[in-house]
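K.L.:
Structure: start-v2.pdb, PDB, C-alpha atoms and all ligand atoms.
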```pdb
ATOM      1  CA  MET A  15       0.000   0.000   0.000  1.00  0.00           C
ATOM      2  CA  ILE A  16       1.341   3.393  -0.972  1.00  0.00           C
ATOM      3  CA  VAL A  17       0.879   5.763   1.945  1.00  0.00           C
ATOM      4  CA  TYR A  18       2.851   8.761   0.739  1.00  0.00           C
ATOM      5  CA  GLY A  19       3.505  10.578  -2.502  1.00  0.00           C
ATOM      6  CA  THR A  20       2.858  13.788  -4.334  1.00  0.00           C
ATOM      7  CA  ASN A  21      -0.198  15.227  -5.965  1.00  0.00           C
ATOM      8  CA  ALA A  22      -1.143  18.583  -7.462  1.00  0.00           C
ATOM      9  CA  ALA A  23      -4.032  21.015  -7.233  1.00  0.00           C
ATOM     10  CA  HIS A  24      -5.131  23.327 -10.001  1.00  0.00           C
ATOM     11  CA  VAL A  25      -4.400  26.962  -9.158  1.00  0.00           C
ATOM     12  CA  LYS A  26      -5.197  28.927 -12.309  1.00  0.00           C
ATOM     13  CA  THR A  27      -5.534  28.784 -16.069  1.00  0.00           C
ATOM     14  CA  ASP A  28      -5.387  31.683 -18.516  1.00  0.00           C
ATOM     15  CA  ARG A  29      -4.569  32.551 -22.074  1.00  0.00           C
ATOM     16  CA  SER A  30      -0.809  32.694 -22.652  1.00  0.00           C
ATOM     17  CA  THR A  31       0.867  36.003 -23.414  1.00  0.00           C
ATOM     18  CA  VAL A  32       2.622  34.168 -26.255  1.00  0.00           C
ATOM     19  CA  SER A  33       0.329  34.731 -29.188  1.00  0.00           C
ATOM     20  CA  THR A  34       1.399  32.126 -31.710  1.00  0.00           C
ATOM     21  CA  CYS A  35       1.458  28.341 -31.300  1.00  0.00           C
ATOM     22  CA  PRO A  36       4.972  27.124 -32.233  1.00  0.00           C
ATOM     23  CA  ASN A  37       3.423  23.903 -33.564  1.00  0.00           C
ATOM     24  CA  CYS A  38       0.502  24.932 -35.767  1.00  0.00           C
ATOM     25  CA  GLY A  39       1.003  28.686 -36.013  1.00  0.00           C
ATOM     26  CA  GLU A  40      -2.499  29.522 -34.746  1.00  0.00           C
ATOM     27  CA  ASN A  41      -2.891  32.911 -33.079  1.00  0.00           C
ATOM     28  CA  GLY A  42      -4.204  33.252 -29.515  1.00  0.00           C
ATOM     29  CA  SER A  43      -4.727  29.529 -29.070  1.00  0.00           C
ATOM     30  CA  LEU A  44      -2.216  28.949 -26.241  1.00  0.00           C
ATOM     31  CA  VAL A  45      -3.532  28.403 -22.731  1.00  0.00           C
ATOM     32  CA  THR A  46      -1.331  28.131 -19.633  1.00  0.00           C
ATOM     33  CA  SER A  47      -2.181  26.310 -16.394  1.00  0.00           C
ATOM     34  CA  VAL A  48      -0.433  26.326 -13.042  1.00  0.00           C
ATOM     35  CA  PHE A  49      -0.726  23.562 -10.450  1.00  0.00           C
ATOM     36  CA  SER A  50       0.505  23.556  -6.883  1.00  0.00           C
ATOM     37  CA  LYS A  51       2.200  20.303  -5.918  1.00  0.00           C
ATOM     38  CA  HIS A  52       1.989  18.869  -2.437  1.00  0.00           C
ATOM     39  CA  ALA A  53       3.274  15.879  -0.546  1.00  0.00           C
ATOM     40  CA  TYR A  54       0.671  13.658   1.024  1.00  0.00           C
ATOM     41  CA  LEU A  55       0.762  11.019   3.706  1.00  0.00           C
ATOM     42  CA  TYR A  56      -2.177   8.688   4.160  1.00  0.00           C
ATOM     43  CA  TRP A  57      -4.274  10.884   1.873  1.00  0.00           C
ATOM     44  CA  ILE A  58      -3.614  13.912   4.052  1.00  0.00           C
ATOM     45  CA  PRO A  59      -1.967  16.769   2.135  1.00  0.00           C
ATOM     46  CA  MET A  60       1.095  17.610   4.239  1.00  0.00           C
ATOM     47  CA  PHE A  61       2.678  20.700   2.673  1.00  0.00           C
ATOM     48  CA  PRO A  62       3.090  22.336  -0.755  1.00  0.00           C
ATOM     49  CA  ILE A  63       6.318  21.648  -2.641  1.00  0.00           C
ATOM     50  CA  GLY A  64       6.233  24.130  -5.476  1.00  0.00           C
ATOM     51  CA  MET A  65       4.436  24.983  -8.660  1.00  0.00           C
ATOM     52  CA  THR A  66       4.237  23.078 -11.878  1.00  0.00           C
ATOM     53  CA  GLY A  67       2.213  23.367 -15.052  1.00  0.00           C
ATOM     54  CA  GLY A  68       2.273  23.718 -18.768  1.00  0.00           C
ATOM     55  CA  THR A  69       1.006  25.415 -21.874  1.00  0.00           C
ATOM     56  CA  GLN A  70      -1.315  23.830 -24.389  1.00  0.00           C
ATOM     57  CA  CYS A  71      -2.658  24.842 -27.788  1.00  0.00           C
ATOM     58  CA  GLU A  72      -6.448  24.663 -27.965  1.00  0.00           C
ATOM     59  CA  LYS A  73      -6.297  24.257 -31.721  1.00  0.00           C
ATOM     60  CA  CYS A  74      -3.822  21.437 -32.282  1.00  0.00           C
ATOM     61  CA  GLY A  75      -3.517  20.024 -28.760  1.00  0.00           C
ATOM     62  CA  HIS A  76       0.251  20.492 -28.639  1.00  0.00           C
ATOM     63  CA  THR A  77       1.380  20.451 -24.990  1.00  0.00           C
ATOM     64  CA  MET A  78       4.562  21.998 -23.629  1.00  0.00           C
ATOM     65  CA  GLU A  79       5.949  21.273 -20.195  1.00  0.00           C
ATOM     66  CA  GLY A  80       9.340  21.803 -18.549  1.00  0.00           C
ATOM     67  CA  ALA A  81      12.159  21.263 -21.036  1.00  0.00           C
ATOM     68  CA  GLY A  82       9.624  20.911 -23.858  1.00  0.00           C
ATOM     69  CA  MET A  83       8.786  24.610 -23.728  1.00  0.00           C
ATOM     70  CA  THR A  84      10.186  27.054 -26.229  1.00  0.00           C
ATOM     71  CA  PRO A  85      12.201  29.834 -24.515  1.00  0.00           C
ATOM     72  CA  GLU A  86       9.395  32.307 -25.227  1.00  0.00           C
ATOM     73  CA  VAL A  87       6.697  30.057 -23.735  1.00  0.00           C
ATOM     74  CA  LYS A  88       8.949  29.250 -20.774  1.00  0.00           C
ATOM     75  CA  GLU A  89       9.451  32.952 -20.019  1.00  0.00           C
ATOM     76  CA  ALA A  90       5.701  33.590 -20.209  1.00  0.00           C
ATOM     77  CA  PHE A  91       5.017  30.595 -17.977  1.00  0.00           C
ATOM     78  CA  LYS A  92       7.523  31.838 -15.379  1.00  0.00           C
ATOM     79  CA  GLU A  93       5.799  35.210 -15.341  1.00  0.00           C
ATOM     80  CA  PHE A  94       2.339  33.630 -15.050  1.00  0.00           C
ATOM     81  CA  LYS A  95       3.487  31.366 -12.209  1.00  0.00           C
ATOM     82  CA  LYS A  96       4.738  34.293 -10.112  1.00  0.00           C
ATOM     83  CA  GLY A  97       1.554  35.252  -8.309  1.00  0.00           C
ATOM     84  CA  ALA A  98       0.332  31.676  -7.906  1.00  0.00           C
ATOM     85  CA  LYS A  99      -0.242  30.575  -4.345  1.00  0.00           C
ATOM     86  CA  PRO A 100      -0.703  27.079  -2.938  1.00  0.00           C
ATOM     87  CA  LYS A 101      -4.176  26.125  -1.779  1.00  0.00           C
ATOM     88  CA  PHE A 102      -4.865  26.598   1.890  1.00  0.00           C
ATOM     89  CA  TRP A 103      -5.800  22.949   2.396  1.00  0.00           C
ATOM     90  CA  GLN A 104      -2.423  21.829   1.047  1.00  0.00           C
ATOM     91  CA  PHE A 105      -1.000  22.844   4.435  1.00  0.00           C
ATOM     92  CA  SER A 106      -3.349  20.462   6.312  1.00  0.00           C
ATOM     93  CA  GLY A 107      -0.607  18.125   7.550  1.00  0.00           C
ATOM     94  CA  LEU A 108       1.564  20.997   8.772  1.00  0.00           C
ATOM     95  CA  ALA A 109      -1.440  22.543  10.485  1.00  0.00           C
ATOM     96  CA  ILE A 110      -2.235  19.265  12.239  1.00  0.00           C
ATOM     97  CA  ILE A 111       1.375  18.880  13.384  1.00  0.00           C
ATOM     98  CA  ALA A 112       1.474  22.478  14.625  1.00  0.00           C
ATOM     99  CA  ALA A 113      -1.802  21.985  16.504  1.00  0.00           C
ATOM    100  CA  VAL A 114      -0.478  18.840  18.195  1.00  0.00           C
ATOM    101  CA  ILE A 115       2.746  20.603  19.231  1.00  0.00           C
ATOM    102  CA  ILE A 116       0.819  23.568  20.618  1.00  0.00           C
ATOM    103  CA  TRP A 117      -1.512  21.227  22.479  1.00  0.00           C
ATOM    104  CA  PHE A 118       1.428  19.344  24.014  1.00  0.00           C
ATOM    105  CA  ASN A 119       3.038  22.597  25.098  1.00  0.00           C
ATOM    106  CA  ILE A 120      -0.139  23.882  26.683  1.00  0.00           C
ATOM    107  CA  SER A 121      -0.764  20.640  28.535  1.00  0.00           C
ATOM    108  CA  SER A 122       2.830  20.294  29.734  1.00  0.00           C
ATOM    109  CA  ASN A 123       2.805  23.927  30.916  1.00  0.00           C
ATOM    110  CA  GLN A 124      -0.423  23.148  32.725  1.00  0.00           C
ATOM    111  CA  ASP A 125       1.200  20.097  34.359  1.00  0.00           C
ATOM    112  CA  LYS A 126       4.124  22.247  35.442  1.00  0.00           C
ATOM    113  CA  LYS A 127       1.817  24.832  36.955  1.00  0.00           C
ATOM    114  CA  ASN A 128      -0.077  22.141  38.848  1.00  0.00           C
ATOM    115  CA  GLU A 129       3.158  20.626  40.124  1.00  0.00           C
ATOM    116  CA  LEU A 130       4.436  24.019  41.276  1.00  0.00           C
ATOM    117  CA  ALA A 131       1.175  24.594  43.136  1.00  0.00           C
ATOM    118  CA  VAL A 132       1.476  21.200  44.863  1.00  0.00           C
ATOM    119  CA  LEU A 133       5.127  21.918  45.772  1.00  0.00           C
ATOM    120  CA  ALA A 134       4.254  25.311  47.193  1.00  0.00           C
ATOM    121  CA  ASP A 135       1.877  23.673  49.625  1.00  0.00           C
ATOM    122  CA  PRO A 136       3.286  20.265  50.632  1.00  0.00           C
ATOM    123  CA  GLN A 137       0.826  17.838  52.164  1.00  0.00           C
ATOM    124  CA  LYS A 138       1.113  14.481  53.839  1.00  0.00           C
ATOM    125  CA  GLY A 139       1.020  11.754  51.189  1.00  0.00           C
ATOM    126  CA  ASP A 140       2.586  13.794  48.368  1.00  0.00           C
ATOM    127  CA  VAL A 141       5.147  11.799  46.405  1.00  0.00           C
ATOM    128  CA  TYR A 142       8.092  13.333  44.561  1.00  0.00           C
ATOM    129  CA  ASP A 143       9.760  11.312  41.803  1.00  0.00           C
ATOM    130  CA  TYR A 144      13.444  12.131  41.769  1.00  0.00           C
ATOM    131  CA  LYS A 145      16.728  11.241  40.172  1.00  0.00           C
ATOM    132  CA  VAL A 146      19.088   9.557  42.626  1.00  0.00           C
ATOM    133  CA  GLU A 147      21.940   9.509  40.134  1.00  0.00           C
ATOM    134  CA  GLU A 148      22.514   8.611  36.492  1.00  0.00           C
ATOM    135  CA  ASN A 149      19.923   5.962  35.524  1.00  0.00           C
ATOM    136  CA  GLU A 150      18.647   5.617  39.076  1.00  0.00           C
ATOM    137  CA  TYR A 151      15.266   6.941  39.995  1.00  0.00           C
ATOM    138  CA  SER A 152      13.245   6.742  43.152  1.00  0.00           C
ATOM    139  CA  THR A 153      10.581   8.524  45.175  1.00  0.00           C
ATOM    140  CA  ILE A 154      10.251  10.680  48.267  1.00  0.00           C
ATOM    141  CA  LEU A 155       7.149  10.491  50.450  1.00  0.00           C
ATOM    142  CA  VAL A 156       5.914  13.482  52.431  1.00  0.00           C
ATOM    143  CA  ARG A 157       5.077  12.271  55.952  1.00  0.00           C
ATOM    144  CA  ALA A 158       4.153  15.566  57.522  1.00  0.00           C
ATOM    145  CA  ARG A 159       4.582  19.263  57.262  1.00  0.00           C
ATOM    146  CA  MET A 160       5.088  21.949  59.856  1.00  0.00           C
ATOM    147  CA  GLY A 161       5.291  25.445  58.473  1.00  0.00           C
ATOM    148  CA  ASP A 162       8.130  25.491  55.988  1.00  0.00           C
ATOM    149  CA  SER A 163       9.566  22.204  57.239  1.00  0.00           C
ATOM    150  CA  VAL A 164       8.615  19.128  55.294  1.00  0.00           C
ATOM    151  CA  TYR A 165       9.172  15.713  56.878  1.00  0.00           C
ATOM    152  CA  VAL A 166       9.920  13.105  54.278  1.00  0.00           C
ATOM    153  CA  SER A 167      10.965   9.466  53.979  1.00  0.00           C
ATOM    154  CA  LEU A 168      13.068   8.124  51.137  1.00  0.00           C
ATOM    155  CA  ASN A 169      12.066   5.090  49.154  1.00  0.00           C
ATOM    156  CA  GLU A 170      14.628   2.320  49.795  1.00  0.00           C
ATOM    157  CA  TYR A 171      14.244   1.018  46.259  1.00  0.00           C
ATOM    158  CA  VAL A 172      15.484   2.480  43.012  1.00  0.00           C
ATOM    159  CA  THR A 173      14.614   1.766  39.396  1.00  0.00           C
ATOM    160  CA  ASP A 174      16.580   2.358  36.204  1.00  0.00           C
ATOM    161  CA  GLN A 175      13.473   3.514  34.356  1.00  0.00           C
ATOM    162  CA  LYS A 176      12.229   7.044  34.804  1.00  0.00           C
ATOM    163  CA  SER A 177       8.787   5.839  33.784  1.00  0.00           C
ATOM    164  CA  GLY A 178       8.932   2.925  36.222  1.00  0.00           C
ATOM    165  CA  VAL A 179       9.074   4.928  39.446  1.00  0.00           C
ATOM    166  CA  SER A 180       5.360   4.633  40.099  1.00  0.00           C
ATOM    167  CA  GLU A 181       5.835   0.863  40.362  1.00  0.00           C
ATOM    168  CA  ILE A 182       8.108   1.212  43.401  1.00  0.00           C
ATOM    169  CA  ASP A 183       5.874   3.804  45.042  1.00  0.00           C
ATOM    170  CA  THR A 184       4.627   1.352  47.663  1.00  0.00           C
ATOM    171  CA  LYS A 185       4.122   2.251  51.295  1.00  0.00           C
ATOM    172  CA  GLU A 186       6.271  -0.615  52.638  1.00  0.00           C
ATOM    173  CA  TYR A 187       9.240   0.455  50.543  1.00  0.00           C
ATOM    174  CA  TYR A 188       9.700   3.727  52.384  1.00  0.00           C
ATOM    175  CA  SER A 189      12.255   4.096  55.115  1.00  0.00           C
ATOM    176  CA  LYS A 190      10.908   4.475  58.644  1.00  0.00           C
ATOM    177  CA  GLU A 191      13.344   7.290  59.124  1.00  0.00           C
ATOM    178  CA  ARG A 192      12.146  10.806  58.564  1.00  0.00           C
ATOM    179  CA  MET A 193      14.165  13.780  57.608  1.00  0.00           C
ATOM    180  CA  ALA A 194      13.257  17.408  57.555  1.00  0.00           C
ATOM    181  CA  LEU A 195      13.709  19.428  54.414  1.00  0.00           C
ATOM    182  CA  HIS A 196      13.019  23.112  54.071  1.00  0.00           C
ATOM    183  CA  LYS A 197      10.253  23.742  51.532  1.00  0.00           C
ATOM    184  CA  SER A 198      12.614  25.937  49.516  1.00  0.00           C
ATOM    185  CA  VAL A 199      15.112  23.042  49.200  1.00  0.00           C
ATOM    186  CA  ILE A 200      12.402  20.880  47.633  1.00  0.00           C
ATOM    187  CA  GLU A 201      11.408  23.679  45.278  1.00  0.00           C
ATOM    188  CA  GLU A 202      15.060  24.087  44.329  1.00  0.00           C
ATOM    189  CA  MET A 203      15.353  20.343  43.611  1.00  0.00           C
ATOM    190  CA  TYR A 204      12.358  20.650  41.294  1.00  0.00           C
ATOM    191  CA  LYS A 205      13.750  23.698  39.506  1.00  0.00           C
ATOM    192  CA  GLU A 206      17.095  22.003  38.836  1.00  0.00           C
ATOM    193  CA  GLY A 207      15.318  18.833  37.675  1.00  0.00           C
ATOM    194  CA  THR A 208      16.354  16.446  40.470  1.00  0.00           C
ATOM    195  CA  ILE A 209      12.680  16.120  41.326  1.00  0.00           C
ATOM    196  CA  PHE A 210      11.090  15.515  37.953  1.00  0.00           C
ATOM    197  CA  ARG A 211       7.514  14.727  38.893  1.00  0.00           C
ATOM    198  CA  VAL A 212       5.177  15.710  41.666  1.00  0.00           C
ATOM    199  CA  ASN A 213       2.276  13.438  42.576  1.00  0.00           C
ATOM    200  CA  ARG A 214      -0.695  14.114  44.769  1.00  0.00           C
ATOM    201  CA  TYR A 215      -3.193  11.290  44.986  1.00  0.00           C
TER     202      TYR A 215
HETATM  203 ZN    ZN B 301      -1.231  24.638 -32.055  1.00  0.00          ZN
END
```
Could I get this structure in the form of structure tokens?
P.N.:
Amino acid sequence: MIVYGTNAAHVKTDRSTVSTCPNCGENGSLVTSVFSKHAYLYWIPMFPIGMTGGTQCEKCGHTMEGAGMTPEVKEAFKEFKKGAKPKFWQFSGLAIIAAVIIWFNISSNQDKKNELAVLADPQKGDVYDYKVEENEYSTILVRARMGDSVYVSLNEYVTDQKSGVSEIDTKEYYSKERMALHKSVIEEMYKEGTIFRVNRY
């Protein structure tokens, strides 16, 4: 199955400024058309890739394209092509990609904002996913909070997968020992990326 390729959309057709057909000598019989090419993927036009077209004689049917054009016809075609614009819908694929990127940015900014709000007001039960060292990830559990002091326990397990930390977030895995961290220290760890995810269940 062919899922990608190129296609073209008609942009405009008009009588050529070249008056005489080089083939049959008829006057005013030449017509020029311009098409906008686009790449497609799964039938979705992705983006335009330039203009193409040709000149045809209405009398004798002689068609000239690319290298087959006489210099005079070629010059006229170039001129005619100048103002031609791709069709709006030929940008569909690019528009979809842009929309997805924008959506991802908005949602990840939203996540960040939510995480910052949770960090600014630590509560018992919050879990911070953090990087222990290269390829070692674990979690920190908030046990209690008093003012700006946050009492936490470290998870005694680590995982080598950033995405796997939720699997070791089990109550029994946390150390019985508690340590106090100033709220600003935790916020700093988040800013520098040591804490990479903030969970409130
Ligand atoms: Zn002709």
K.L.:
Do you know which residues are within 7 Å of ligand ZN 301 (chain B) using all atoms listed in the file? Can you write them as a list of chain:residue names?
P.N.:
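Within the 7 Å cut-off, the matching residues are A:Cys35, A:Pro36, A:Asn37, A:Cys38, A:Gly39, A:Glu40, A:Ser43, A:Cys71, A:Glu72, A:Lys73, A:Cys74, A:Gly75, A:His76.
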K.L.:
In Å, with one decimal, what is the gap from CA of Ile200 in chain A to CA of Ile116 in chain A?
P.N.:
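CA of Ile116 in chain A lies 29.5 Å from CA of Ile200 in chain A.
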K.L.:
Report as a ChimeraX atom specification the residues that result from applying the PyMOL selection byres (((chain A and resi 138) around 7) and not hetatm) to the structure here.
P.N.:
/A:136-137,139-140,156-159
K.L.:
How far is it from CA of Glu93 in chain A to CA of Ala109 in chain A, in Å with one decimal?
P.N.:
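Result for CA of Glu93 in chain A versus CA of Ala109 in chain A: 29.7 Å, one decimal.
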K.L.:
How many Å separate CA of Pro59 in chain A from CA of Ala98 in chain A?
P.N.:
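Going from CA of Pro59 in chain A over to CA of Ala98 in chain A, I get 18.1 Å.
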K.L.:
Rank A:Met60, A:Met160, A:Val17, A:Val212 by their smallest atom-to-atom distance to Asn128 in chain A, using only C-alpha atoms, and report the top residue only.
P.N.:
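For Asn128 in chain A, the nearest of the candidates is A:Val212.
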K.L.:
Tell me which protein, DNA and RNA residues are within 7 Å of Val172 in chain A, counting all atoms listed in the file, leaving out same-chain ones fewer than 3 positions away, and put them as number ranges by chain.
P.N.:
A: 150-152
K.L.:
Any chance you could resolve the PyMOL selection byres (((chain A and resi 101) around 9) and not hetatm) against this file and give the residues as a list in words?
P.N.:
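On this input, the PyMOL selection byres (((chain A and resi 101) around 9) and not hetatm) captures Ala23, His24, Val25, Ser50, Pro62, Lys99, Pro100, Phe102, Trp103, Gln104 and Phe105 of chain A.
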K.L.:
Just want the 12 Å neighbourhood of Gly107 in chain A, counted on all atoms listed in the file, with same-chain residues fewer than 5 positions away dropped. Output as a count of residues only.
P.N.:
15
K.L.:
From the options A:Thr153, A:Met203, A:Lys51, A:Glu89, which residue's atoms come nearest to Thr31 in chain A, counting only C-alpha atoms?
P.N.:
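Looking only at the distances to Thr31 in chain A, the closest residue turns out to be A:Glu89.
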K.L.:
Any idea what's packed within 10 Å of Lys190 in chain A, counting all atoms listed in the file, ignoring anything in its chain fewer than 6 positions away? Could you give it as a list in words?
P.N.:
Val166, Ser167, Leu168, Asn169 and Glu170 of chain A
